[in-house]
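K.L.:
After the structure tokens below, expect a handful of questions from me.
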Amino acid sequence: MRAVSGESAAARALLSGAHRVVVFTGAGVSAESGVPTFRGPGGLWKTFRPEQLATPKAFARDPRLVWEWYGWRRELLASCRPNLAHVALARWMLQREGVTLVTQNVDDLHERAGTPELMKLHGSLFEDRCSGCGRAAAAHRRTDGPTDRDDGTMLPLCPECGALLRPGVVWFGEMLPPDALARAYQRAGEANAVLVIGTTGAVYPAAGIVHEARAEGAAIIVVDPGQTEYDAVADIRLTGPAGELVPPLLA
Ligand code: OAD
């Protein structure tokens, strides 16, 4: 194994020599902003059960519980800021051509860092969607809609068809937005290098874009403090937090 600084220099050289780069981020890129990951220590899926909160069935069974959980995640994000990794990525993309940023994250930290172009594969915490007619809607305020509870917690309704609005995120068992997914796979297939940051690579079809890129000859660089599904296919692996390792990589 080479020393970390050697690996980092090799990764820098690889990225600056690549014409087309895909950056693929997961929950880990937002960890240093205070956003919990899903599968690591303190991860959301260690405390909460996805089948009770993040499936269409869960929403049909108890929409209030699901909205309370997503409302809590929205509020948590309000007190978080983009970290050095989000900012370095945004600056890098503004300075050079040929970079596509694909994220699985539903937070808005890449956007708030000023990222010029972003493909969001799992939707957004800050959008609603109608559970009936499927129309996208701006995120409702907590006071919108009818209430049947003393604490004033309300459930939002679609202004078009009157059905319940739901969070605009992709749930387990649902399709990813087909256009964004197809474009992400296409960019991955054309990439010379992929920079993977803070994802275990466990959730498909999003996780497959890295394997698609590798099959087409791209070099794979992984930045993550823990083990990932990509470790066996990574050309360069940088072990540590994104906020420390990403800025010098892109400087
Ligand atoms: P995971 O929780 O599976 O993985 C987070 C990764 O971030 C792990 O590999 C951690 O080691 C790493 N990590 C932790 N701290 C980090 C840091 N400071 N810097 C860099 N990396 C760090 O999250 P995802 O892979 O994003 O799907 O999860 C994929 C999907 O599973 C999510 O989009 C979500 C979830 O169910 C949906 O909501 C549809």
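By order of appearance in the structure tokens: chains A, B, ..., then residues from 1 within every chain, and ligands from 1 in the order shown.
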Can I get the residues close to ligand 1 as a ChimeraX atom specification, where close means within 7 Å and we count only C-alpha atoms and all ligand atoms?
P.N.:
/A:25-29,31-32,37-40,43,104-105,122,169-172,197-203,223-228,240-243
K.L.:
Would you list, as a PyMOL selection string, the residues of range 3-227 of chain A that end up in alpha helix (DSSP H) under DSSP run on this structure's backbone?
P.N.:
chain A and resi 4-17+44-47+50-53+56-61+63-78+84-95+109-112+178-190+208-215
K.L.:
So which residues touch Ala138 in chain A within 10 Å, counting only C-alpha atoms, skipping near sequence neighbours fewer than 5 positions away, as a PDB file with C-alpha atoms, in the first residue's frame?
P.N.:
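File produced: around-v8.pdb:
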ATOM      1  CA  PHE A 126     -37.740  19.858   0.002  1.00  0.00           C
ATOM      2  CA  GLU A 127     -40.333  18.908  -2.569  1.00  0.00           C
ATOM      3  CA  ASP A 128     -43.747  17.321  -2.165  1.00  0.00           C
ATOM      4  CA  ARG A 129     -45.555  15.115  -4.633  1.00  0.00           C
ATOM      5  CA  GLY A 168     -40.970  14.034  -2.960  1.00  0.00           C
TER       6      GLY A 168
END
K.L.:
Need to verify the contact set: Arg74 in chain A, 12 Å, only C-alpha atoms, exclusion of same-chain residues closer than 6 positions in sequence. Can you return it as a compact mmCIF listing (two decimals) with all heavy atoms, in the first residue's frame?
P.N.:
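Result saved to selection-v2.txt:
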# COMPACT_ATOMS: atom_id res chain seq x y z
N VAL A 35 -25.65 15.74 9.20
CA VAL A 35 -26.78 14.96 8.68
C VAL A 35 -26.46 13.48 8.90
O VAL A 35 -25.40 13.02 8.47
CB VAL A 35 -26.98 15.22 7.17
CG1 VAL A 35 -28.20 14.47 6.66
CG2 VAL A 35 -27.10 16.72 6.89
N TRP A 67 -45.12 11.71 7.67
CA TRP A 67 -44.87 13.16 7.55
C TRP A 67 -44.10 13.70 8.75
O TRP A 67 -43.28 14.60 8.63
CB TRP A 67 -46.17 13.94 7.34
CG TRP A 67 -46.44 14.23 5.89
CD1 TRP A 67 -47.57 13.90 5.19
CD2 TRP A 67 -45.58 14.91 4.98
NE1 TRP A 67 -47.44 14.32 3.90
CE2 TRP A 67 -46.23 14.95 3.73
CE3 TRP A 67 -44.31 15.47 5.08
CZ2 TRP A 67 -45.67 15.53 2.60
CZ3 TRP A 67 -43.74 16.05 3.95
CH2 TRP A 67 -44.42 16.08 2.74
N GLU A 68 -44.40 13.15 9.93
CA GLU A 68 -43.66 13.63 11.12
C GLU A 68 -42.17 13.32 10.98
O GLU A 68 -41.32 14.14 11.33
CB GLU A 68 -44.23 12.99 12.39
CG GLU A 68 -45.47 13.71 12.86
CD GLU A 68 -46.20 12.98 13.98
OE1 GLU A 68 -45.70 11.95 14.47
OE2 GLU A 68 -47.30 13.45 14.33
N CYS A 80 -28.34 22.76 9.42
CA CYS A 80 -27.08 22.25 8.88
C CYS A 80 -26.59 23.15 7.75
O CYS A 80 -27.39 23.79 7.07
CB CYS A 80 -27.27 20.84 8.30
SG CYS A 80 -27.72 19.64 9.55
N VAL A 106 -31.04 13.31 -0.48
CA VAL A 106 -32.28 14.09 -0.60
C VAL A 106 -32.16 15.42 0.15
O VAL A 106 -33.11 16.20 0.18
CB VAL A 106 -33.50 13.28 -0.09
CG1 VAL A 106 -33.74 12.06 -0.97
CG2 VAL A 106 -33.34 12.87 1.37
N ASP A 107 -31.00 15.67 0.76
CA ASP A 107 -30.80 16.98 1.40
C ASP A 107 -30.52 18.02 0.31
O ASP A 107 -30.46 17.71 -0.87
CB ASP A 107 -29.67 16.92 2.46
CG ASP A 107 -28.29 16.66 1.86
OD1 ASP A 107 -27.96 17.27 0.83
OD2 ASP A 107 -27.52 15.87 2.44
N ASP A 108 -30.35 19.29 0.74
CA ASP A 108 -30.14 20.35 -0.26
C ASP A 108 -28.75 20.98 -0.12
O ASP A 108 -28.55 22.13 -0.50
CB ASP A 108 -31.23 21.43 -0.13
CG ASP A 108 -31.25 22.07 1.26
OD1 ASP A 108 -30.53 21.58 2.17
OD2 ASP A 108 -31.96 23.08 1.44
N LEU A 109 -27.79 20.23 0.42
CA LEU A 109 -26.49 20.84 0.73
C LEU A 109 -25.62 21.05 -0.50
O LEU A 109 -24.88 22.03 -0.57
CB LEU A 109 -25.78 20.01 1.81
CG LEU A 109 -26.53 19.99 3.15
CD1 LEU A 109 -25.83 19.10 4.16
CD2 LEU A 109 -26.71 21.39 3.71
N SER A 124 -36.04 14.76 -3.44
CA SER A 124 -35.63 15.85 -2.56
C SER A 124 -36.53 15.92 -1.33
O SER A 124 -37.75 15.79 -1.44
CB SER A 124 -35.72 17.18 -3.31
OG SER A 124 -35.58 18.25 -2.42
N LEU A 125 -35.90 16.16 -0.19
CA LEU A 125 -36.66 16.38 1.05
C LEU A 125 -37.48 17.65 0.97
O LEU A 125 -38.39 17.85 1.76
CB LEU A 125 -35.67 16.56 2.21
CG LEU A 125 -35.32 15.43 3.13
CD1 LEU A 125 -34.43 15.95 4.23
CD2 LEU A 125 -36.56 14.78 3.71
N PHE A 126 -37.13 18.53 0.04
CA PHE A 126 -37.74 19.86 0.00
C PHE A 126 -38.72 20.01 -1.15
O PHE A 126 -38.97 21.11 -1.63
CB PHE A 126 -36.65 20.93 0.00
CG PHE A 126 -35.83 20.84 1.26
CD1 PHE A 126 -34.63 20.15 1.27
CD2 PHE A 126 -36.31 21.36 2.44
CE1 PHE A 126 -33.90 20.02 2.45
CE2 PHE A 126 -35.60 21.23 3.63
CZ PHE A 126 -34.39 20.56 3.63
N GLU A 127 -39.23 18.89 -1.60
CA GLU A 127 -40.33 18.91 -2.57
C GLU A 127 -41.41 17.95 -2.07
O GLU A 127 -41.10 16.96 -1.42
CB GLU A 127 -39.85 18.43 -3.95
CG GLU A 127 -39.08 19.50 -4.70
CD GLU A 127 -38.33 18.92 -5.89
OE1 GLU A 127 -38.72 17.84 -6.39
OE2 GLU A 127 -37.35 19.55 -6.30
N ASP A 128 -42.65 18.24 -2.43
CA ASP A 128 -43.75 17.32 -2.17
C ASP A 128 -44.20 16.74 -3.51
O ASP A 128 -43.86 17.28 -4.57
CB ASP A 128 -44.94 18.05 -1.53
CG ASP A 128 -44.64 18.54 -0.12
OD1 ASP A 128 -43.58 18.20 0.43
OD2 ASP A 128 -45.49 19.29 0.43
N ALA A 139 -42.62 22.26 -1.37
CA ALA A 139 -42.77 21.71 -0.02
C ALA A 139 -43.80 22.52 0.76
O ALA A 139 -43.76 23.74 0.77
CB ALA A 139 -41.42 21.76 0.69
N HIS A 140 -44.76 21.82 1.39
CA HIS A 140 -45.81 22.52 2.13
C HIS A 140 -45.26 23.07 3.44
O HIS A 140 -44.22 22.62 3.93
CB HIS A 140 -46.96 21.57 2.43
CG HIS A 140 -46.61 20.55 3.49
ND1 HIS A 140 -45.81 19.48 3.23
CD2 HIS A 140 -46.93 20.48 4.80
CE1 HIS A 140 -45.66 18.77 4.34
NE2 HIS A 140 -46.33 19.35 5.30
N ARG A 141 -45.97 24.04 4.00
CA ARG A 141 -45.62 24.50 5.34
C ARG A 141 -46.39 23.65 6.34
O ARG A 141 -47.46 23.13 6.02
CB ARG A 141 -46.00 25.98 5.49
CG ARG A 141 -45.08 26.90 4.70
CD ARG A 141 -45.69 28.26 4.57
NE ARG A 141 -47.00 28.15 3.93
CZ ARG A 141 -47.97 29.05 4.01
NH1 ARG A 141 -47.80 30.13 4.68
NH2 ARG A 141 -49.13 28.86 3.40
N ARG A 142 -45.85 23.54 7.53
CA ARG A 142 -46.47 22.65 8.52
C ARG A 142 -47.90 23.03 8.86
O ARG A 142 -48.67 22.22 9.37
CB ARG A 142 -45.63 22.64 9.80
CG ARG A 142 -44.47 21.68 9.73
CD ARG A 142 -43.56 21.86 10.92
NE ARG A 142 -44.16 21.33 12.15
CZ ARG A 142 -44.04 20.07 12.53
NH1 ARG A 142 -43.38 19.21 11.79
NH2 ARG A 142 -44.58 19.65 13.65
N PRO A 167 -44.00 13.16 0.69
CA PRO A 167 -42.65 13.68 0.45
C PRO A 167 -42.17 13.32 -0.97
O PRO A 167 -42.47 12.23 -1.47
CB PRO A 167 -41.80 12.95 1.50
CG PRO A 167 -42.77 12.53 2.56
CD PRO A 167 -44.05 12.25 1.85
K.L.:
In Å, with one decimal, what is the gap from CA of Leu77 in chain A to CA of His110 in chain A?
P.N.:
12.3 Å
K.L.:
Considering only C-alpha atoms, can you say which of A:Leu121, A:Leu44, A:Val233, A:Ala13 comes closest to Glu212 in chain A?
P.N.:
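Between A:Leu121, A:Leu44, A:Val233, A:Ala13, the residue approaching Glu212 in chain A most closely is A:Val233.
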K.L.:
List every residue of range 153-231 of chain A that DSSP, applied to the backbone of this structure, places in strand (DSSP E or B), and write the result as number ranges by chain.
P.N.:
A: 157, 164-169, 193-197, 219-223
K.L.:
I need the residue nearest Pro156 in chain A from this list: A:Ala191, A:Val99, A:Ile221, A:Cys130. Use only C-alpha atoms for the distance.
P.N.:
A:Cys130
K.L.:
I'd like the contact shell of Ala90 in chain A - 8 Å cut-off, only C-alpha atoms, skipping same-chain residues fewer than 3 positions apart - returned as a compact mmCIF listing (two decimals) with all heavy atoms, in the first residue's frame.
P.N.:
# COMPACT_ATOMS: atom_id res chain seq x y z
N HIS A 86 -18.73 19.77 0.13
CA HIS A 86 -19.76 20.32 -0.79
C HIS A 86 -19.20 21.56 -1.51
O HIS A 86 -19.40 21.74 -2.71
CB HIS A 86 -21.01 20.76 -0.02
CG HIS A 86 -21.75 19.67 0.70
ND1 HIS A 86 -21.77 19.57 2.06
CD2 HIS A 86 -22.52 18.65 0.24
CE1 HIS A 86 -22.51 18.54 2.42
NE2 HIS A 86 -22.98 17.95 1.33
N VAL A 87 -18.55 22.42 -0.73
CA VAL A 87 -18.07 23.69 -1.29
C VAL A 87 -16.95 23.44 -2.30
O VAL A 87 -16.95 24.03 -3.40
CB VAL A 87 -17.59 24.62 -0.14
CG1 VAL A 87 -16.91 25.86 -0.70
CG2 VAL A 87 -18.78 25.01 0.74
N MET A 93 -16.47 22.40 -9.96
CA MET A 93 -17.36 22.30 -11.14
C MET A 93 -17.49 23.64 -11.85
O MET A 93 -17.68 23.68 -13.07
CB MET A 93 -18.74 21.81 -10.71
CG MET A 93 -18.74 20.35 -10.32
SD MET A 93 -20.38 19.81 -9.81
CE MET A 93 -21.22 19.68 -11.39
N LEU A 94 -17.41 24.74 -11.09
CA LEU A 94 -17.50 26.06 -11.72
C LEU A 94 -16.23 26.40 -12.49
O LEU A 94 -16.25 27.18 -13.43
CB LEU A 94 -17.78 27.13 -10.66
CG LEU A 94 -19.19 27.11 -10.07
CD1 LEU A 94 -19.28 27.96 -8.81
CD2 LEU A 94 -20.22 27.57 -11.10
N HIS A 110 -25.72 20.16 -1.50
CA HIS A 110 -24.98 20.44 -2.75
C HIS A 110 -25.51 21.73 -3.38
O HIS A 110 -24.74 22.57 -3.85
CB HIS A 110 -25.14 19.30 -3.74
CG HIS A 110 -24.27 18.11 -3.47
ND1 HIS A 110 -22.90 18.19 -3.33
CD2 HIS A 110 -24.58 16.79 -3.34
CE1 HIS A 110 -22.39 16.98 -3.13
NE2 HIS A 110 -23.39 16.12 -3.13
N ALA A 113 -24.41 24.82 -1.55
CA ALA A 113 -22.98 25.13 -1.74
C ALA A 113 -22.73 25.82 -3.07
O ALA A 113 -21.62 26.25 -3.35
CB ALA A 113 -22.16 23.84 -1.66
N GLY A 114 -23.76 25.89 -3.93
CA GLY A 114 -23.61 26.57 -5.21
C GLY A 114 -23.29 25.65 -6.38
O GLY A 114 -22.80 26.11 -7.42
N THR A 115 -23.56 24.36 -6.23
CA THR A 115 -23.30 23.39 -7.31
C THR A 115 -24.06 23.80 -8.57
O THR A 115 -25.28 23.99 -8.52
CB THR A 115 -23.78 21.99 -6.86
OG1 THR A 115 -23.08 21.68 -5.66
CG2 THR A 115 -23.51 20.94 -7.91
N PRO A 116 -23.34 23.97 -9.70
CA PRO A 116 -24.02 24.50 -10.88
C PRO A 116 -25.00 23.51 -11.53
O PRO A 116 -25.98 23.92 -12.13
CB PRO A 116 -22.88 24.83 -11.84
CG PRO A 116 -21.69 24.05 -11.36
CD PRO A 116 -21.88 23.83 -9.89
